[in-house]
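Shown here: coords.cif, mmCIF, C-alpha atoms.
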```cif
data_entry
loop_
_atom_site.label_atom_id
_atom_site.label_comp_id
_atom_site.auth_asym_id
_atom_site.auth_seq_id
_atom_site.Cartn_x
_atom_site.Cartn_y
_atom_site.Cartn_z
CA MET A 114 0.00 0.00 0.00
CA GLU A 115 1.68 3.17 -1.23
CA ASN A 116 -0.69 6.07 -0.60
CA ILE A 117 -3.00 5.50 2.36
CA LYS A 118 -1.41 6.22 5.73
CA ALA A 119 -4.61 6.55 7.79
CA ILE A 120 -8.37 6.14 7.81
CA PHE A 121 -10.76 8.57 9.52
CA LEU A 122 -14.25 7.39 10.43
CA ASP A 123 -17.32 9.37 11.36
CA PHE A 124 -19.25 7.85 14.25
CA ASP A 125 -23.03 8.42 14.24
CA GLY A 126 -24.67 6.64 11.34
CA LEU A 127 -21.43 5.12 10.08
CA MET A 128 -20.26 2.94 12.96
CA LEU A 129 -23.62 2.72 14.73
CA ASP A 130 -27.15 3.46 13.51
CA THR A 131 -27.58 6.10 16.19
CA GLU A 132 -29.04 8.55 13.68
CA VAL A 133 -32.08 6.28 13.31
CA ALA A 134 -32.60 6.40 17.08
CA CYS A 135 -31.99 10.16 17.21
CA TYR A 136 -34.52 10.87 14.47
CA ALA A 137 -37.09 8.64 16.17
CA GLY A 138 -36.49 10.44 19.46
CA TRP A 139 -37.13 13.85 17.93
CA GLN A 140 -40.15 12.55 16.04
CA PHE A 141 -41.47 11.46 19.42
CA ALA A 142 -40.86 14.95 20.85
CA PHE A 143 -42.68 16.65 17.97
CA GLU A 144 -45.58 14.20 18.21
CA MET A 145 -45.93 15.06 21.91
CA HIS A 146 -46.95 18.51 20.66
CA GLY A 147 -49.14 17.31 17.80
CA LEU A 148 -46.49 18.17 15.21
CA GLU A 149 -44.67 16.34 12.42
CA TYR A 150 -40.89 16.21 12.05
CA ARG A 151 -40.05 15.31 8.47
CA LEU A 152 -37.07 13.19 7.46
CA GLU A 153 -35.72 15.82 5.07
CA GLU A 154 -35.61 18.31 7.95
CA PHE A 155 -33.50 15.92 9.99
CA GLN A 156 -31.32 15.08 6.98
CA SER A 157 -30.38 18.76 6.61
CA ILE A 158 -28.65 18.79 10.02
CA VAL A 159 -27.24 15.24 10.14
CA GLY A 160 -23.50 15.35 10.74
CA THR A 161 -23.56 18.82 12.30
CA ASP A 162 -23.92 20.06 15.87
CA GLN A 163 -27.35 21.54 15.15
CA SER A 164 -30.46 20.44 17.03
CA PRO A 165 -34.18 20.33 16.07
CA ARG A 166 -34.89 22.11 19.35
CA SER A 167 -35.39 25.60 17.89
CA LEU A 168 -37.61 24.24 15.11
CA LEU A 169 -39.86 22.50 17.63
CA GLN A 170 -40.03 25.66 19.72
CA GLU A 171 -40.95 27.75 16.67
CA ARG A 172 -43.65 25.40 15.42
CA ALA A 173 -45.21 24.83 18.81
CA GLY A 174 -45.85 28.56 19.17
CA HIS A 175 -45.55 28.42 22.94
CA THR A 176 -42.89 27.80 25.55
CA ILE A 177 -41.75 24.18 25.53
CA GLU A 178 -41.43 22.47 28.89
CA TRP A 179 -37.97 21.09 28.10
CA ALA A 180 -37.55 19.68 31.62
CA THR A 181 -40.37 17.28 30.74
CA VAL A 182 -39.78 16.77 27.01
CA ASN A 183 -36.03 16.12 27.00
CA PRO A 184 -35.97 13.26 29.54
CA LYS A 185 -38.79 11.49 27.68
CA ARG A 186 -37.11 12.00 24.30
CA ARG A 187 -33.73 10.85 25.57
CA ALA A 188 -35.20 7.79 27.27
CA TYR A 189 -36.95 6.82 24.03
CA GLU A 190 -33.75 7.35 22.03
CA LEU A 191 -31.65 5.45 24.56
CA GLU A 192 -34.05 2.51 24.52
CA LEU A 193 -33.68 2.27 20.75
CA GLY A 194 -29.93 2.80 20.63
CA GLN A 195 -28.59 1.02 23.69
CA ALA A 196 -28.54 -2.46 22.21
CA MET A 197 -27.27 -1.44 18.78
CA GLU A 198 -24.27 -3.34 17.50
CA LEU A 199 -21.55 -2.04 15.24
CA LYS A 200 -22.70 -1.82 11.65
CA ASP A 201 -21.67 -4.41 9.09
CA GLY A 202 -18.09 -4.04 7.95
CA VAL A 203 -16.86 -1.78 10.75
CA LEU A 204 -14.76 -4.35 12.60
CA ASP A 205 -13.40 -5.81 9.37
CA LEU A 206 -12.32 -2.34 8.25
CA LEU A 207 -10.64 -1.59 11.58
CA GLU A 208 -8.80 -4.92 11.50
CA SER A 209 -7.81 -4.40 7.87
CA ALA A 210 -6.35 -0.98 8.67
CA ARG A 211 -4.50 -2.36 11.70
CA SER A 212 -3.00 -5.22 9.68
CA ARG A 213 -1.61 -2.62 7.28
CA SER A 214 -0.23 -0.46 10.13
CA LEU A 215 -2.48 2.45 9.20
CA LYS A 216 -3.34 5.15 11.74
CA GLN A 217 -7.02 5.35 12.64
CA ALA A 218 -9.21 8.14 13.99
CA VAL A 219 -12.82 8.84 14.81
CA VAL A 220 -13.90 12.34 13.76
CA SER A 221 -17.37 13.32 14.98
CA SER A 222 -19.52 16.40 15.50
CA SER A 223 -20.93 14.73 18.63
CA PRO A 224 -19.30 15.33 22.03
CA HIS A 225 -16.85 12.96 23.74
CA SER A 226 -19.49 12.26 26.38
CA TRP A 227 -21.53 10.54 23.67
CA VAL A 228 -18.89 8.99 21.42
CA ASP A 229 -16.31 7.67 23.89
CA PRO A 230 -18.68 5.52 26.00
CA HIS A 231 -20.11 3.94 22.85
CA LEU A 232 -16.62 3.05 21.60
CA GLU A 233 -15.61 1.67 24.97
CA LYS A 234 -18.82 -0.33 25.43
CA ARG A 235 -18.24 -2.03 22.08
CA SER A 236 -14.54 -2.62 22.81
CA VAL A 237 -13.16 -0.73 19.80
CA MET A 238 -11.54 2.31 21.43
CA HIS A 239 -8.12 0.64 21.28
CA TYR A 240 -8.13 0.73 17.48
CA PHE A 241 -7.96 4.51 17.36
CA ASP A 242 -4.92 6.72 17.62
CA THR A 243 -7.17 9.70 18.34
CA VAL A 244 -10.84 10.54 18.76
CA VAL A 245 -11.71 14.08 17.69
CA CYS A 246 -15.11 15.38 18.77
CA TYR A 247 -17.27 18.50 18.85
CA GLU A 248 -15.37 20.26 21.65
CA ASP A 249 -11.94 19.70 20.07
CA ALA A 250 -12.26 22.32 17.32
CA GLN A 251 -13.86 25.71 16.83
CA ASN A 252 -16.48 24.60 14.31
CA ALA A 253 -18.34 21.34 13.76
CA LYS A 254 -19.04 19.80 10.35
CA PRO A 255 -19.65 20.84 7.59
CA ALA A 256 -16.68 23.08 8.44
CA PRO A 257 -13.35 21.26 7.94
CA ASP A 258 -12.04 22.09 11.44
CA LEU A 259 -12.48 18.66 13.04
CA TYR A 260 -10.72 16.92 10.18
CA LEU A 261 -7.92 19.45 10.16
CA LYS A 262 -7.52 18.86 13.90
CA ALA A 263 -7.20 15.11 13.36
CA LEU A 264 -4.60 15.65 10.63
CA SER A 265 -2.61 17.90 12.95
CA GLN A 266 -2.79 15.50 15.89
CA LEU A 267 -1.52 12.58 13.82
CA GLY A 268 1.02 14.55 11.80
CA LEU A 269 -0.53 13.61 8.47
CA ALA A 270 -0.95 15.33 5.12
CA ALA A 271 -4.41 15.48 3.57
CA ASP A 272 -3.41 13.28 0.63
CA GLU A 273 -2.47 10.42 2.98
CA VAL A 274 -5.97 9.85 4.40
CA ILE A 275 -9.27 8.27 3.41
CA VAL A 276 -12.40 9.44 5.23
CA PHE A 277 -15.55 7.33 5.60
CA GLU A 278 -18.72 9.39 6.08
CA ASP A 279 -22.44 8.68 6.02
CA SER A 280 -23.85 12.23 5.75
CA HIS A 281 -23.85 15.09 3.27
CA ASN A 282 -22.49 17.51 5.88
CA GLY A 283 -19.78 15.12 7.05
CA SER A 284 -18.58 14.31 3.56
CA LEU A 285 -18.61 18.01 2.71
CA ALA A 286 -16.41 18.69 5.74
CA ALA A 287 -13.95 16.04 4.57
CA LYS A 288 -13.73 17.51 1.08
CA ARG A 289 -13.29 21.02 2.48
CA ALA A 290 -10.27 19.63 4.30
CA ASN A 291 -9.01 18.30 0.93
CA LEU A 292 -9.39 14.69 2.01
CA LYS A 293 -10.38 11.68 -0.05
CA CYS A 294 -13.90 10.72 1.00
CA VAL A 295 -15.88 7.51 0.65
CA ALA A 296 -19.58 8.08 1.32
CA VAL A 297 -21.55 5.27 2.96
CA PRO A 298 -25.21 6.42 3.03
CA ASN A 299 -27.50 4.86 5.62
CA GLU A 300 -31.25 4.57 6.05
CA ILE A 301 -31.49 8.21 7.13
CA THR A 302 -29.03 9.83 4.68
CA ARG A 303 -29.72 7.77 1.56
CA GLY A 304 -30.94 10.07 -1.18
CA THR A 305 -29.04 13.16 -0.01
CA ASP A 306 -26.32 14.81 -2.10
CA PHE A 307 -22.97 13.00 -2.18
CA SER A 308 -21.86 14.32 -5.57
CA HIS A 309 -18.73 15.83 -4.01
CA ALA A 310 -17.55 12.49 -2.55
CA ASP A 311 -14.82 10.54 -4.31
CA LEU A 312 -16.73 7.27 -4.07
CA ILE A 313 -20.11 6.01 -2.83
CA VAL A 314 -20.58 2.48 -1.45
CA HIS A 315 -23.64 0.81 0.03
CA SER A 316 -21.84 -0.67 3.03
CA LEU A 317 -18.42 -0.81 4.66
CA ASP A 318 -18.55 -4.51 3.77
CA GLU A 319 -17.71 -3.43 0.22
CA VAL A 320 -14.51 -1.62 1.21
CA ASP A 321 -11.14 -3.05 0.21
CA LEU A 322 -8.31 -0.75 1.29
CA ASP A 323 -5.87 -2.07 -1.31
CA GLU A 324 -8.38 -1.41 -4.07
CA LEU A 325 -9.07 2.09 -2.72
CA ASP A 326 -5.34 2.80 -2.66
CA THR A 327 -5.15 2.33 -6.41
CA GLN A 328 -8.65 3.57 -7.26
CA LEU A 329 -8.41 6.93 -5.47
CA TRP A 330 -4.73 7.53 -6.24
CA PRO A 331 -4.46 6.47 -9.89
CA SER A 332 -0.92 6.32 -11.20
#
```
I'd like the structure from this file rewritten - as structure tokens, please.
Amino acid sequence: MENIKAIFLDFDGLMLDTEVACYAGWQFAFEMHGLEYRLEEFQSIVGTDQSPRSLLQERAGHTIEWATVNPKRRAYELELGQAMELKDGVLDLLESARSRSLKQAVVSSSPHSWVDPHLEKRSVMHYFDTVVCYEDAQNAKPAPDLYLKALSQLGLAADEVIVFEDSHNGSLAAKRANLKCVAVPNEITRGTDFSHADLIVHSLDEVDLDELDTQLWPS
């Protein structure tokens, strides 16, 4: 392998289907107020640090009792997400990268308080040389800051890394950092714009790092 020195993975929606649980949780919150929360509205903020909170407040037209709504929403989301296993292909990809002595990083717009426990619970934290989250850079995705931070921490150049992302905003952040990006749309993000990505695959099961090394860095 001549070109790839590291792989960067998003977390929510790529490693775990947490975006499905998150969307369901916010749907639940909107329904508590007799309102609809459409998928395309959620898709527009997937991969960022934005929340549907202000939209719910605006549509409700009255003060939301967040002290009541948030615990119920979070409990519903937690119930859906707690038992989730790593998505197909994740472990194989991590093992493949390790066998090739590649550096590995998680780069997420979610906070460490969310990402780190999930990685530890599923016994994959040890694969990663760094975990870069929301609080580690000035701006979340789709700004490139989090990816630039990961590059700096690992002492890498942009042309030495492949990013795996499941969202429009995440893949846009990767490209703004001048990184090669493989988009892996999920149930929530399928159908959104990935025209800027270098490659689109249906699942991480399809990923072969040796093939990507020649496909994305043609001689």
Can you pull out every residue within 9 Å of Leu261 in chain A, counting all atoms listed in the file, but drop anything in the same chain fewer than 3 positions away, and send it as a list in words?
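Counting only the stated atoms, we get Ala250, Pro257, Asp258, Leu264, Ser265, Gln266, Ala271, Ala287 and Ala290 of chain A.
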Specify as a PyMOL selection string each residue included when the PyMOL selection byres ((chain A and resi 163) around 12) is applied to this file.
chain A and resi 154-162+164-168+222-223+247+252-255+282
Now that the selection is made, can you save its residues with C-alpha atoms as a short mmCIF file (atom, residue, chain, number, x, y, z; two decimals), in the coordinates of the input?
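What landed in out_26.cif:
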```
data_model
loop_
_atom_site.label_atom_id
_atom_site.label_comp_id
_atom_site.auth_asym_id
_atom_site.auth_seq_id
_atom_site.Cartn_x
_atom_site.Cartn_y
_atom_site.Cartn_z
CA GLU A 154 -35.61 18.31 7.95
CA PHE A 155 -33.50 15.92 9.99
CA GLN A 156 -31.32 15.08 6.98
CA SER A 157 -30.38 18.76 6.61
CA ILE A 158 -28.65 18.79 10.02
CA VAL A 159 -27.24 15.24 10.14
CA GLY A 160 -23.50 15.35 10.74
CA THR A 161 -23.56 18.82 12.30
CA ASP A 162 -23.92 20.06 15.87
CA SER A 164 -30.46 20.44 17.03
CA PRO A 165 -34.18 20.33 16.07
CA ARG A 166 -34.89 22.11 19.35
CA SER A 167 -35.39 25.60 17.89
CA LEU A 168 -37.61 24.24 15.11
CA SER A 222 -19.52 16.40 15.50
CA SER A 223 -20.93 14.73 18.63
CA TYR A 247 -17.27 18.50 18.85
CA ASN A 252 -16.48 24.60 14.31
CA ALA A 253 -18.34 21.34 13.76
CA LYS A 254 -19.04 19.80 10.35
CA PRO A 255 -19.65 20.84 7.59
CA ASN A 282 -22.49 17.51 5.88
#
```
Please provide the set of residues having any atom within 9 Å of Leu317 in chain A, restricted to only C-alpha atoms, with same-chain residues fewer than 5 positions apart removed, written as a list in words.
Leu127, Lys200, Asp201, Gly202, Val203, Asp205, Leu206, Phe277 and Val297 of chain A
Can you list, as an mmCIF file with C-alpha atoms, in the coordinates of the input, every protein, DNA or RNA residue that comes within 12 Å of Leu169 in chain A when you count all atoms listed in the file, leaving out same-chain residues fewer than 3 positions away?
```cif
data_model
loop_
_atom_site.group_PDB
_atom_site.id
_atom_site.type_symbol
_atom_site.label_atom_id
_atom_site.label_comp_id
_atom_site.auth_asym_id
_atom_site.auth_seq_id
_atom_site.Cartn_x
_atom_site.Cartn_y
_atom_site.Cartn_z
ATOM 1 C CA TRP A 139 -37.130 13.850 17.930
ATOM 2 C CA GLN A 140 -40.150 12.550 16.040
ATOM 3 C CA PHE A 141 -41.470 11.460 19.420
ATOM 4 C CA ALA A 142 -40.860 14.950 20.850
ATOM 5 C CA PHE A 143 -42.680 16.650 17.970
ATOM 6 C CA GLU A 144 -45.580 14.200 18.210
ATOM 7 C CA MET A 145 -45.930 15.060 21.910
ATOM 8 C CA HIS A 146 -46.950 18.510 20.660
ATOM 9 C CA GLY A 147 -49.140 17.310 17.800
ATOM 10 C CA LEU A 148 -46.490 18.170 15.210
ATOM 11 C CA GLU A 149 -44.670 16.340 12.420
ATOM 12 C CA TYR A 150 -40.890 16.210 12.050
ATOM 13 C CA ARG A 151 -40.050 15.310 8.470
ATOM 14 C CA GLU A 154 -35.610 18.310 7.950
ATOM 15 C CA PHE A 155 -33.500 15.920 9.990
ATOM 16 C CA SER A 164 -30.460 20.440 17.030
ATOM 17 C CA PRO A 165 -34.180 20.330 16.070
ATOM 18 C CA ARG A 166 -34.890 22.110 19.350
ATOM 19 C CA ARG A 172 -43.650 25.400 15.420
ATOM 20 C CA ALA A 173 -45.210 24.830 18.810
ATOM 21 C CA GLY A 174 -45.850 28.560 19.170
ATOM 22 C CA HIS A 175 -45.550 28.420 22.940
ATOM 23 C CA THR A 176 -42.890 27.800 25.550
ATOM 24 C CA ILE A 177 -41.750 24.180 25.530
ATOM 25 C CA GLU A 178 -41.430 22.470 28.890
ATOM 26 C CA TRP A 179 -37.970 21.090 28.100
ATOM 27 C CA VAL A 182 -39.780 16.770 27.010
ATOM 28 C CA ASN A 183 -36.030 16.120 27.000
#
```
I would like the residues chosen by the PyMOL selection byres ((chain A and resi 210) around 10) on the shown file; could you give them as a ChimeraX atom specification?
/A:117-120,204-209,211-217,240,321-322
Given all atoms listed in the file as the basis, pick out the residue of A:Asn291, A:Gln328, A:Asn299, A:Ser221 nearest to Val314 in chain A.
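Comparing A:Asn291, A:Gln328, A:Asn299, A:Ser221 against Val314 in chain A, the winner is A:Asn299.
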Would you please work out which residue, of A:Leu267, A:Ala310, A:Val220, A:Leu292, is nearest to Val245 in chain A when using all atoms listed in the file?
A:Val220
